[in-house]
Amino acid sequence: YILSVSAPDTISRPAGDGVNLIQVRCTVSDANGLDDIKWVGFQSYNTVLDSFMNNGNYIYMYDDGGSVVLYAPNITSGDGTAGDGIYSFQAPLMSTSTAGIYDWIFEAQDFQSEYSDTVVHRIVVQ
């Protein structure tokens, strides 16, 4: 189950060559315990362009306590505590990112191949 999603409603692209890291969190649970959660992720859908970003692939989130470097030089998931059921990701937003209205579609799967209901969070990129 996805219990909650935490992400901003509006974000602004940085000026110049900068990159903003947008903290995204998703709190999940499973009837068989947190160890039964296989993955948590989201897809980013641009409602204006009618297309998925990242080729429609999931952007996976992590419950790792921020211990794994995902991008050089030292960018982690931003997760606070490993194993607590709160999955995190720091989504990079560049000045070249496309402005518009996005639906971030969250989903989780457990090791029994059961999926959560999807949760949609709308975000405006300015």
# chains A, B, ... in the order shown; residues from 1 in each chain; ligands from 1
>>> select_by_dssp(residues="chain A", states="strand (DSSP E or B)", output="number ranges by chain")
A: 2-6, 10-11, 19-28, 37-46, 51-52, 59-60, 62, 69-71, 75-76, 86-94, 100-110, 115, 119-125
>>> closest_atom_pairs(of="stretch 72-108 of chain A", to="stretch 44-64 of chain A", cutoff="9 Å", atoms="only C-alpha atoms", output="JSON lines")
{"residue": "A:Ser77", "atom": "CA", "partner": "A:Tyr62", "partner_atom": "CA", "distance": 6.2}
{"residue": "A:Gly78", "atom": "CA", "partner": "A:Tyr62", "partner_atom": "CA", "distance": 8.6}
{"residue": "A:Asp79", "atom": "CA", "partner": "A:Asp63", "partner_atom": "CA", "distance": 6.1}
{"residue": "A:Gly80", "atom": "CA", "partner": "A:Asp64", "partner_atom": "CA", "distance": 8.0}
{"residue": "A:Thr81", "atom": "CA", "partner": "A:Asp64", "partner_atom": "CA", "distance": 6.8}
{"residue": "A:Ala82", "atom": "CA", "partner": "A:Asp64", "partner_atom": "CA", "distance": 4.3}
{"residue": "A:Gly83", "atom": "CA", "partner": "A:Asp63", "partner_atom": "CA", "distance": 5.7}
{"residue": "A:Asp84", "atom": "CA", "partner": "A:Asp63", "partner_atom": "CA", "distance": 7.1}
{"residue": "A:Gly85", "atom": "CA", "partner": "A:Asp63", "partner_atom": "CA", "distance": 6.6}
{"residue": "A:Ile86", "atom": "CA", "partner": "A:Asp63", "partner_atom": "CA", "distance": 6.0}
{"residue": "A:Tyr87", "atom": "CA", "partner": "A:Asp63", "partner_atom": "CA", "distance": 4.5}
{"residue": "A:Ser88", "atom": "CA", "partner": "A:Met61", "partner_atom": "CA", "distance": 5.1}
{"residue": "A:Phe89", "atom": "CA", "partner": "A:Met61", "partner_atom": "CA", "distance": 5.2}
{"residue": "A:Gln90", "atom": "CA", "partner": "A:Met61", "partner_atom": "CA", "distance": 8.8}
{"residue": "A:Ala91", "atom": "CA", "partner": "A:Ile59", "partner_atom": "CA", "distance": 8.9}
{"residue": "A:Thr98", "atom": "CA", "partner": "A:Asn46", "partner_atom": "CA", "distance": 8.9}
{"residue": "A:Gly100", "atom": "CA", "partner": "A:Val48", "partner_atom": "CA", "distance": 6.5}
{"residue": "A:Ile101", "atom": "CA", "partner": "A:Thr47", "partner_atom": "CA", "distance": 5.7}
{"residue": "A:Tyr102", "atom": "CA", "partner": "A:Asn46", "partner_atom": "CA", "distance": 4.5}
{"residue": "A:Asp103", "atom": "CA", "partner": "A:Tyr45", "partner_atom": "CA", "distance": 5.1}
{"residue": "A:Trp104", "atom": "CA", "partner": "A:Ser44", "partner_atom": "CA", "distance": 4.7}
{"residue": "A:Ile105", "atom": "CA", "partner": "A:Ser44", "partner_atom": "CA", "distance": 6.5}
{"residue": "A:Phe106", "atom": "CA", "partner": "A:Tyr58", "partner_atom": "CA", "distance": 8.9}
>>> atom_distance(atom1="atom CA of A:Phe111", atom2="atom CA of A:Ser6")
24.3 Å
